[in-house]
Amino acid sequence: DAKTTQPTSMDCAEGRAANLPCNHSTISGNEYVYWYRQIHSQGPQYIIHGLKNNETNEMASLIITEDRKSSTLILPHATLRDTAVYYCIVRVRNSGGSNYKLTFGKGTLLTVNP
Amino acid sequence: DGGITQSPKYLFRKEGQNVTLSCEQNLNHDAMYWYRQDPGQGLRLIYYSQIVNDFQKGDIAEGYSVSREKKESFPLTVTSAQKNPTAFYLCASSIGRGRDEQFFGPGTRLTVL
């Protein structure tokens, strides 16, 4: 799986958009970008994933650059409950075998301030 | 409500004792996983199971054992052979069949005294 680079921490004001960047310059053509988050002392939560088109769901939007070397997760109206560590993961989808695992790095600690 | 349950949330054991962590899901998912998380670290895969009666070692399987006798259940036993068992243990499941977004339980924090 391709390696990802994320800032260690970010701050955001409540009600504003939170834009979390992720660099994955070595991504290969069949690798997807996944985002998860983990609120303190809880299990990770799946947010969104994409291949090359921008994606949106009820939680967030995912913007992937045309060269696919970086992406941005957007929380449009951050709330205090969005304070969490956000993980960007790049992996082959439907790969089977030993590639079932998710490789979580250190992620970005997003702190939403009142 | 559909979901993944892990029990208990906090577990204390004496050194040298085996302990079994429970993981149950009612999502009808084929695949289940066990991860371990240490403070300030990412998740590491212990074992995974793609289907009933089958499971595979992950990256750090030594000192752990699992079973998958039922689709809904994937218990993890932390044996006395595990050198550093104190950690946060997370169970996850995914539907399989080409859709592999993983959904996690709330976790069990194991402390070995």
# chains A, B, ... in the order shown; residues from 1 in each chain; ligands from 1
$ closest_atom_pairs --of "chain B" --to "chain A" --cutoff "8 Å" --atoms "only C-alpha atoms" --output "Markdown table"
| residue | atom | partner | partner_atom | distance |
| --- | --- | --- | --- | --- |
| B:Gly40 | CA | A:Lys106 | CA | 7.5 |
| B:Gln41 | CA | A:Lys106 | CA | 6.2 |
| B:Gly42 | CA | A:Phe104 | CA | 5.0 |
| B:Leu43 | CA | A:Phe104 | CA | 5.6 |
| B:Arg44 | CA | A:Thr103 | CA | 7.3 |
| B:Leu45 | CA | A:Lys101 | CA | 6.4 |
| B:Tyr48 | CA | A:Tyr100 | CA | 8.0 |
| B:Gly58 | CA | A:Ser98 | CA | 7.6 |
| B:Leu90 | CA | A:Gly43 | CA | 6.5 |
| B:Arg97 | CA | A:Asn94 | CA | 8.0 |
| B:Gly98 | CA | A:Asn94 | CA | 5.0 |
| B:Arg99 | CA | A:Asn94 | CA | 6.8 |
| B:Asp100 | CA | A:Asn94 | CA | 6.7 |
| B:Glu101 | CA | A:Tyr46 | CA | 6.9 |
| B:Gln102 | CA | A:Tyr46 | CA | 6.8 |
| B:Phe103 | CA | A:Tyr46 | CA | 6.5 |
| B:Phe104 | CA | A:Gly43 | CA | 5.4 |
| B:Gly105 | CA | A:Gly43 | CA | 5.6 |
| B:Pro106 | CA | A:Gly43 | CA | 4.7 |
| B:Gly107 | CA | A:Gly43 | CA | 5.8 |
$ residues_around --residues "Asp54 in chain B" --least-positions-apart "6" --cutoff "10 Å" --atoms "only C-alpha atoms" --output "PyMOL selection string"
chain B and resi 31+48+66-69
$ write_last_selection --atoms "N, CA and C atoms" --output "CSV table (one decimal), in the first residue's frame"
chain,number,residue,atom,x,y,z
B,31,ALA,N,-16.5,-10.8,6.7
B,31,ALA,CA,-15.1,-10.7,7.2
B,31,ALA,C,-15.1,-10.0,8.5
B,48,TYR,N,-7.4,-12.0,11.0
B,48,TYR,CA,-8.6,-11.7,10.3
B,48,TYR,C,-9.2,-13.0,9.8
B,66,VAL,N,-7.6,-17.1,17.8
B,66,VAL,CA,-9.0,-16.8,17.5
B,66,VAL,C,-9.7,-18.0,17.1
B,67,SER,N,-11.0,-17.9,17.0
B,67,SER,CA,-11.9,-18.9,16.4
B,67,SER,C,-13.0,-18.2,15.6
B,68,ARG,N,-13.6,-18.9,14.6
B,68,ARG,CA,-14.7,-18.3,13.8
B,68,ARG,C,-15.7,-19.4,13.5
B,69,GLU,N,-16.3,-19.9,14.6
B,69,GLU,CA,-17.3,-21.0,14.5
B,69,GLU,C,-18.7,-20.5,14.0
$ select_by_dssp --residues "chain A" --states "strand (DSSP E or B)" --output "ChimeraX atom specification"
/A:5,9-13,18-23,31-38,45-50,55-56,61-64,70-75,84-92,108-113
$ residues_around --residues "Ala61 in chain B" --least-positions-apart "2" --cutoff "9 Å" --atoms "only C-alpha atoms" --output "ChimeraX atom specification"
/B:45-47,57-59,63-65
$ write_last_selection --atoms "C-alpha atoms" --output "short mmCIF file (atom, residue, chain, number, x, y, z; two decimals), in the first residue's frame"
data_model
loop_
_atom_site.label_atom_id
_atom_site.label_comp_id
_atom_site.auth_asym_id
_atom_site.auth_seq_id
_atom_site.Cartn_x
_atom_site.Cartn_y
_atom_site.Cartn_z
CA LEU B 45 -3.66 -6.28 12.59
CA ILE B 46 -3.64 -9.38 14.80
CA TYR B 47 -5.92 -11.83 12.97
CA LYS B 57 -2.62 -14.40 10.94
CA GLY B 58 -2.03 -10.69 10.67
CA ASP B 59 1.16 -8.79 11.43
CA GLY B 63 0.59 -14.80 21.66
CA TYR B 64 -2.98 -14.57 20.35
CA SER B 65 -5.55 -17.08 19.12
#
$ closest_residue --among "B:Phe55, B:Val112, B:Ile60, B:Pro8" --to "Tyr35 in chain B" --atoms "only C-alpha atoms"
B:Ile60
$ atom_distance --atom1 "CA of Ser7 in chain B" --atom2 "CA of Asn26 in chain B"
14.7 Å
$ atom_distance --atom1 "CA of Lys70 in chain B" --atom2 "CA of Thr108 in chain B"
20.7 Å
$ atom_distance --atom1 "CA of Thr83 in chain A" --atom2 "CA of Lys52 in chain A"
27.0 Å
$ residues_around --residues "Arg13 in chain B" --least-positions-apart "5" --cutoff "9 Å" --atoms "only C-alpha atoms" --output "PyMOL selection string"
chain B and resi 18-19+110-113
$ closest_residue --among "A:Val112, A:Val85, A:Ala78, A:Val92" --to "Gly15 in chain A" --atoms "only C-alpha atoms"
A:Ala78
$ residues_around --residues "Thr4 in chain A" --least-positions-apart "6" --cutoff "8 Å" --atoms "only C-alpha atoms" --output "list in words"
Cys22, Asn23, His24, Ser25, Cys88, Ile89, Val90 and Gly105 of chain A
$ write_last_selection --atoms "N, CA and C atoms" --output "mmCIF file, in the first residue's frame"
data_model
loop_
_atom_site.group_PDB
_atom_site.id
_atom_site.type_symbol
_atom_site.label_atom_id
_atom_site.label_comp_id
_atom_site.auth_asym_id
_atom_site.auth_seq_id
_atom_site.Cartn_x
_atom_site.Cartn_y
_atom_site.Cartn_z
ATOM 1 N N CYS A 22 -3.932 15.332 2.668
ATOM 2 C CA CYS A 22 -3.187 14.079 2.704
ATOM 3 C C CYS A 22 -2.369 13.970 1.424
ATOM 4 N N ASN A 23 -1.097 13.702 1.567
ATOM 5 C CA ASN A 23 -0.233 13.477 0.407
ATOM 6 C C ASN A 23 -0.002 11.993 0.221
ATOM 7 N N HIS A 24 -0.144 11.549 -1.005
ATOM 8 C CA HIS A 24 0.102 10.133 -1.334
ATOM 9 C C HIS A 24 0.723 10.092 -2.715
ATOM 10 N N SER A 25 1.946 10.614 -2.800
ATOM 11 C CA SER A 25 2.591 10.823 -4.100
ATOM 12 C C SER A 25 2.961 9.521 -4.807
ATOM 13 N N CYS A 88 -5.861 9.042 6.833
ATOM 14 C CA CYS A 88 -5.921 8.890 5.386
ATOM 15 C C CYS A 88 -5.192 7.585 5.046
ATOM 16 N N ILE A 89 -5.849 6.690 4.340
ATOM 17 C CA ILE A 89 -5.283 5.383 4.032
ATOM 18 C C ILE A 89 -5.416 5.142 2.541
ATOM 19 N N VAL A 90 -4.348 4.660 1.950
ATOM 20 C CA VAL A 90 -4.371 4.333 0.532
ATOM 21 C C VAL A 90 -4.162 2.835 0.383
ATOM 22 N N GLY A 105 -1.687 5.049 9.930
ATOM 23 C CA GLY A 105 -0.517 5.791 10.385
ATOM 24 C C GLY A 105 -0.858 6.581 11.626
#
